[in-house]
file protein.cif (mmCIF, C-alpha atoms and all ligand atoms)
data_model
loop_
_atom_site.label_atom_id
_atom_site.label_comp_id
_atom_site.auth_asym_id
_atom_site.auth_seq_id
_atom_site.Cartn_x
_atom_site.Cartn_y
_atom_site.Cartn_z
CA MET A 121 193.58 131.92 129.20
CA LYS A 122 193.03 128.91 126.98
CA ARG A 123 195.03 126.98 129.54
CA PHE A 124 192.00 127.01 131.81
CA ILE A 125 190.22 124.54 129.56
CA PRO A 126 192.62 121.60 129.93
CA LEU A 127 193.10 122.53 133.59
CA ILE A 128 189.39 122.22 134.28
CA ALA A 129 189.23 119.03 132.28
CA LEU A 130 192.07 117.67 134.39
CA LEU A 131 190.39 118.68 137.63
CA ILE A 132 187.00 117.28 136.75
CA CYS A 133 188.53 113.99 135.64
CA ALA A 134 190.71 113.83 138.72
CA VAL A 135 187.79 114.50 141.02
CA CYS A 136 185.28 112.31 139.30
CA VAL A 137 187.20 109.15 138.60
CA PRO A 138 187.64 108.01 142.21
CA LEU A 139 184.15 109.20 143.11
CA ALA A 140 182.19 107.48 140.37
CA GLY A 141 178.91 106.20 141.72
CA ALA A 142 179.03 108.30 144.86
CA ALA A 143 175.57 109.45 145.88
CA THR A 144 176.49 111.72 148.76
CA PRO A 145 177.89 115.24 148.45
CA VAL A 146 181.63 115.45 148.07
CA LYS A 147 183.31 118.22 150.00
CA ILE A 148 185.82 119.99 147.78
CA MET A 149 188.11 122.77 148.99
CA PRO A 150 189.28 125.00 146.13
CA LEU A 151 192.54 126.37 147.58
CA GLY A 152 194.89 128.93 146.11
CA ASP A 153 195.19 132.51 144.87
CA SER A 154 193.08 134.58 142.47
CA LEU A 155 193.02 131.72 139.98
CA THR A 156 190.75 130.14 142.59
CA SER A 157 189.01 133.16 144.11
CA GLY A 158 188.43 134.86 140.78
CA TYR A 159 189.27 138.33 139.63
CA SER A 160 187.65 141.30 137.94
CA VAL A 161 187.30 139.89 134.46
CA PRO A 162 183.71 138.79 133.79
CA THR A 163 184.77 135.43 132.41
CA TYR A 164 186.83 134.69 135.52
CA LEU A 165 184.80 136.21 138.33
CA SER A 166 184.99 132.86 140.12
CA GLY A 167 188.24 131.59 138.64
CA TYR A 168 187.69 128.03 137.51
CA ARG A 169 185.10 127.23 140.15
CA ASP A 170 181.89 128.03 138.28
CA ARG A 171 182.83 125.91 135.28
CA LEU A 172 184.05 123.04 137.44
CA TYR A 173 180.86 123.17 139.50
CA SER A 174 178.56 123.10 136.48
CA GLN A 175 180.55 120.30 134.85
CA LEU A 176 180.38 118.21 138.01
CA ILE A 177 176.62 118.81 138.29
CA ASP A 178 176.14 117.96 134.61
CA ALA A 179 178.10 114.74 135.17
CA GLY A 180 175.72 113.73 137.97
CA TYR A 181 177.87 114.50 140.99
CA ALA A 182 177.00 116.50 144.08
CA PRO A 183 179.92 118.84 144.82
CA ASP A 184 179.96 120.83 148.04
CA PHE A 185 182.66 123.47 147.89
CA VAL A 186 184.06 124.30 151.32
CA GLY A 187 186.27 127.08 152.62
CA THR A 188 186.26 130.13 154.84
CA GLN A 189 185.69 132.49 151.90
CA VAL A 190 182.34 133.32 150.33
CA ASP A 191 182.16 134.40 146.71
CA THR A 192 180.37 137.73 146.40
CA GLN A 193 181.43 138.47 142.82
CA ASN A 194 179.56 135.76 140.97
CA LEU A 195 176.10 135.36 142.44
CA ALA A 196 175.22 132.92 139.67
CA LEU A 197 177.47 130.28 141.20
CA PRO A 198 175.21 128.12 143.41
CA ASP A 199 177.98 127.22 145.88
CA PRO A 200 179.98 130.31 146.89
CA ASN A 201 182.39 128.69 149.37
CA HIS A 202 186.10 128.53 148.56
CA GLU A 203 189.59 129.08 149.93
CA GLY A 204 191.03 131.33 147.25
CA HIS A 205 193.04 134.38 148.29
CA GLY A 206 193.95 136.85 145.60
CA GLY A 207 197.63 137.75 145.41
CA TYR A 208 198.74 135.05 147.83
CA ARG A 209 202.05 133.24 147.47
CA ILE A 210 202.88 129.72 148.59
CA ASP A 211 204.31 130.91 151.92
CA GLN A 212 201.17 132.90 152.69
CA ILE A 213 198.96 129.89 152.02
CA ALA A 214 201.25 127.78 154.21
CA SER A 215 201.07 130.23 157.11
CA GLU A 216 197.26 130.15 157.22
CA ALA A 217 196.34 126.69 155.92
CA SER A 218 196.11 125.18 159.39
CA GLY A 219 193.57 127.74 160.56
CA TRP A 220 191.50 127.48 157.41
CA LEU A 221 191.35 123.71 157.55
CA ALA A 222 190.38 123.84 161.22
CA SER A 223 187.50 126.19 160.40
CA VAL A 224 185.62 124.07 157.89
CA ALA A 225 184.29 120.55 157.53
CA ASP A 226 187.00 118.10 156.50
CA PRO A 227 187.27 118.23 152.71
CA ASP A 228 187.23 114.97 150.76
CA VAL A 229 189.18 116.69 148.01
CA ILE A 230 191.56 119.66 148.05
CA LEU A 231 192.21 121.40 144.74
CA LEU A 232 195.47 123.34 144.99
CA ILE A 233 196.65 125.86 142.42
CA ILE A 234 199.33 128.13 143.89
CA GLY A 235 202.68 129.63 142.93
CA THR A 236 201.90 132.18 140.23
CA ASN A 237 202.51 135.08 142.60
CA ASP A 238 205.83 133.63 143.73
CA PHE A 239 206.98 134.19 140.16
CA THR A 240 205.19 137.46 139.37
CA GLN A 241 206.44 138.97 142.64
CA ASP A 242 209.93 137.55 142.01
CA ASN A 243 209.82 136.01 145.47
CA ASN A 244 212.74 133.57 145.27
CA PRO A 245 211.18 131.68 142.35
CA ALA A 246 214.00 129.12 142.40
CA GLY A 247 212.77 128.03 145.83
CA ALA A 248 209.12 127.79 144.80
CA PRO A 249 209.14 124.03 144.10
CA ASP A 250 210.56 123.35 147.57
CA ARG A 251 208.01 125.64 149.18
CA LEU A 252 205.20 123.95 147.29
CA ALA A 253 206.48 120.49 148.20
CA ASN A 254 206.53 121.55 151.86
CA LEU A 255 203.02 122.99 151.57
CA ILE A 256 201.65 119.77 150.12
CA THR A 257 203.36 117.80 152.88
CA GLN A 258 201.84 120.19 155.43
CA ILE A 259 198.33 119.88 154.03
CA SER A 260 198.56 116.11 153.73
CA SER A 261 199.64 115.93 157.36
CA LEU A 262 196.74 118.13 158.47
CA ARG A 263 194.18 116.23 156.41
CA PRO A 264 195.66 112.79 155.65
CA ASN A 265 192.38 111.43 154.28
CA ALA A 266 191.82 114.21 151.74
CA LYS A 267 192.79 113.68 148.14
CA ILE A 268 195.00 116.56 147.02
CA PHE A 269 195.06 117.54 143.37
CA LEU A 270 197.69 120.00 142.19
CA GLY A 271 196.93 122.19 139.20
CA ASN A 272 199.61 123.43 136.85
CA LEU A 273 200.23 127.17 136.57
CA PRO A 274 199.26 129.23 133.54
CA VAL A 275 202.26 130.72 131.75
CA ARG A 276 202.02 134.49 131.66
CA SER A 277 203.52 137.11 129.39
CA THR A 278 205.37 138.81 132.24
CA PRO A 279 209.08 138.84 133.10
CA PHE A 280 208.45 136.50 136.01
CA SER A 281 206.06 134.03 134.47
CA PRO A 282 206.08 130.51 135.90
CA PRO A 283 208.29 128.38 133.71
CA PRO A 284 206.92 125.42 131.77
CA VAL A 285 209.28 123.24 133.82
CA TRP A 286 207.13 123.70 136.94
CA PRO A 287 205.95 120.08 137.26
CA PRO A 288 209.42 118.53 136.74
CA ALA A 289 210.88 121.03 139.18
CA LEU A 290 208.28 120.01 141.74
CA SER A 291 209.03 116.35 141.13
CA THR A 292 212.69 117.06 141.74
CA ALA A 293 211.84 118.85 144.97
CA PHE A 294 209.82 115.87 146.18
CA THR A 295 212.55 113.44 145.16
CA GLN A 296 215.15 115.44 147.05
CA LYS A 297 212.83 115.65 150.05
CA ALA A 298 212.22 111.90 150.00
CA ASN A 299 215.94 111.18 149.79
CA SER A 300 216.97 113.62 152.52
CA CA B 1 179.32 124.76 150.04
#
call {"tool": "encode", "arguments": {"input": "protein.cif", "output": "structure tokens", "more": "lines below"}}
Ligand SMILES: [Ca+2]
result
Amino acid sequence: MKRFIPLIALLICAVCVPLAGAATPVKIMPLGDSLTSGYSVPTYLSGYRDRLYSQLIDAGYAPDFVGTQVDTQNLALPDPNHEGHGGYRIDQIASEASGWLASVADPDVILLIIGTNDFTQDNNPAGAPDRLANLITQISSLRPNAKIFLGNLPVRSTPFSPPPVWPPALSTAFTQKANS
């Protein structure tokens, strides 16, 4: 789980840099699977959200997490809203993203970490980059003004762990999409 540290650092930098000096709350939708919603390990009850929230507060920002879900596992997290769905794959996020986005205030930032379950469930992992590229296109069409930040996937010690080539594979998928 050490990979959470650079991931959070990446997210906080990505969120903060374009928002430096902002005095108003920034609506952030944490979107994804259990890496976002959290799971039953005390350190990760809220996934990455509690650490990101505290780091943003410490840095002087005013994050407002948004989403249809309310965290009931970690009552210490001041802002319980999120859009994390444990066990979800890319296709499941894609099928419900429109409804979720229509149900909450427009996010300024969307943090997307999704795809782990496509690999762990062996759900056509070779097609995962294309599915993710389509999902990002879908979200950007639904909320063209939101900044979308894509997190990398943690490599797992399972037979179907996401490969370390995930980002290049996604780049290839986007390139093919752009050229089609
Ligand atoms: Ca909130």
call {"tool": "atom_distance", "arguments": {"input": "protein.cif", "atom1": "CA of Leu273 (chain A)", "atom2": "CA of Pro245 (chain A)"}}
result
13.2 Å
call {"tool": "residues_around", "arguments": {"input": "protein.cif", "residues": "region 220-223 of chain A", "least_positions_apart": "2", "cutoff": "9 Å", "atoms": "all atoms listed in the file", "output": "PDB file with C-alpha atoms, keeping the file's coordinate frame"}}
result
ATOM      1  CA  GLY A 187     186.270 127.080 152.620  1.00  0.00           C
ATOM      2  CA  THR A 188     186.260 130.130 154.840  1.00  0.00           C
ATOM      3  CA  GLU A 203     189.590 129.080 149.930  1.00  0.00           C
ATOM      4  CA  GLU A 216     197.260 130.150 157.220  1.00  0.00           C
ATOM      5  CA  ALA A 217     196.340 126.690 155.920  1.00  0.00           C
ATOM      6  CA  SER A 218     196.110 125.180 159.390  1.00  0.00           C
ATOM      7  CA  ALA A 225     184.290 120.550 157.530  1.00  0.00           C
ATOM      8  CA  ASP A 226     187.000 118.100 156.500  1.00  0.00           C
ATOM      9  CA  PRO A 227     187.270 118.230 152.710  1.00  0.00           C
ATOM     10  CA  ILE A 259     198.330 119.880 154.030  1.00  0.00           C
ATOM     11  CA  LEU A 262     196.740 118.130 158.470  1.00  0.00           C
ATOM     12  CA  ARG A 263     194.180 116.230 156.410  1.00  0.00           C
TER      13      ARG A 263
END
call {"tool": "closest_residue", "arguments": {"input": "protein.cif", "among": "A:Pro162, A:Val146, A:Ile256, A:Gly152", "to": "Gly235 (chain A)", "atoms": "all atoms listed in the file"}}
result
A:Gly152
call {"tool": "atom_distance", "arguments": {"input": "protein.cif", "atom1": "CA of Asn254 (chain A)", "atom2": "CA of His205 (chain A)"}}
result
19.0 Å
call {"tool": "closest_atom_pairs", "arguments": {"input": "protein.cif", "of": "chain A", "to": "ligand CA 1 (chain B)", "cutoff": "7 Å", "atoms": "only C-alpha atoms and all ligand atoms", "output": "JSON lines"}}
result
{"residue": "A:Asp184", "atom": "CA", "partner": "B:CA1", "partner_atom": "CA", "distance": 4.5}
{"residue": "A:Phe185", "atom": "CA", "partner": "B:CA1", "partner_atom": "CA", "distance": 4.2}
{"residue": "A:Val186", "atom": "CA", "partner": "B:CA1", "partner_atom": "CA", "distance": 4.9}
{"residue": "A:Asp199", "atom": "CA", "partner": "B:CA1", "partner_atom": "CA", "distance": 5.0}
{"residue": "A:Pro200", "atom": "CA", "partner": "B:CA1", "partner_atom": "CA", "distance": 6.4}
{"residue": "A:Asn201", "atom": "CA", "partner": "B:CA1", "partner_atom": "CA", "distance": 5.0}
call {"tool": "write_last_selection", "arguments": {"input": "protein.cif", "atoms": "C-alpha atoms", "output": "PDB file, in the coordinates of the input"}}
result
ATOM      1  CA  ASP A 184     179.960 120.830 148.040  1.00  0.00           C
ATOM      2  CA  PHE A 185     182.660 123.470 147.890  1.00  0.00           C
ATOM      3  CA  VAL A 186     184.060 124.300 151.320  1.00  0.00           C
ATOM      4  CA  ASP A 199     177.980 127.220 145.880  1.00  0.00           C
ATOM      5  CA  PRO A 200     179.980 130.310 146.890  1.00  0.00           C
ATOM      6  CA  ASN A 201     182.390 128.690 149.370  1.00  0.00           C
TER       7      ASN A 201
END
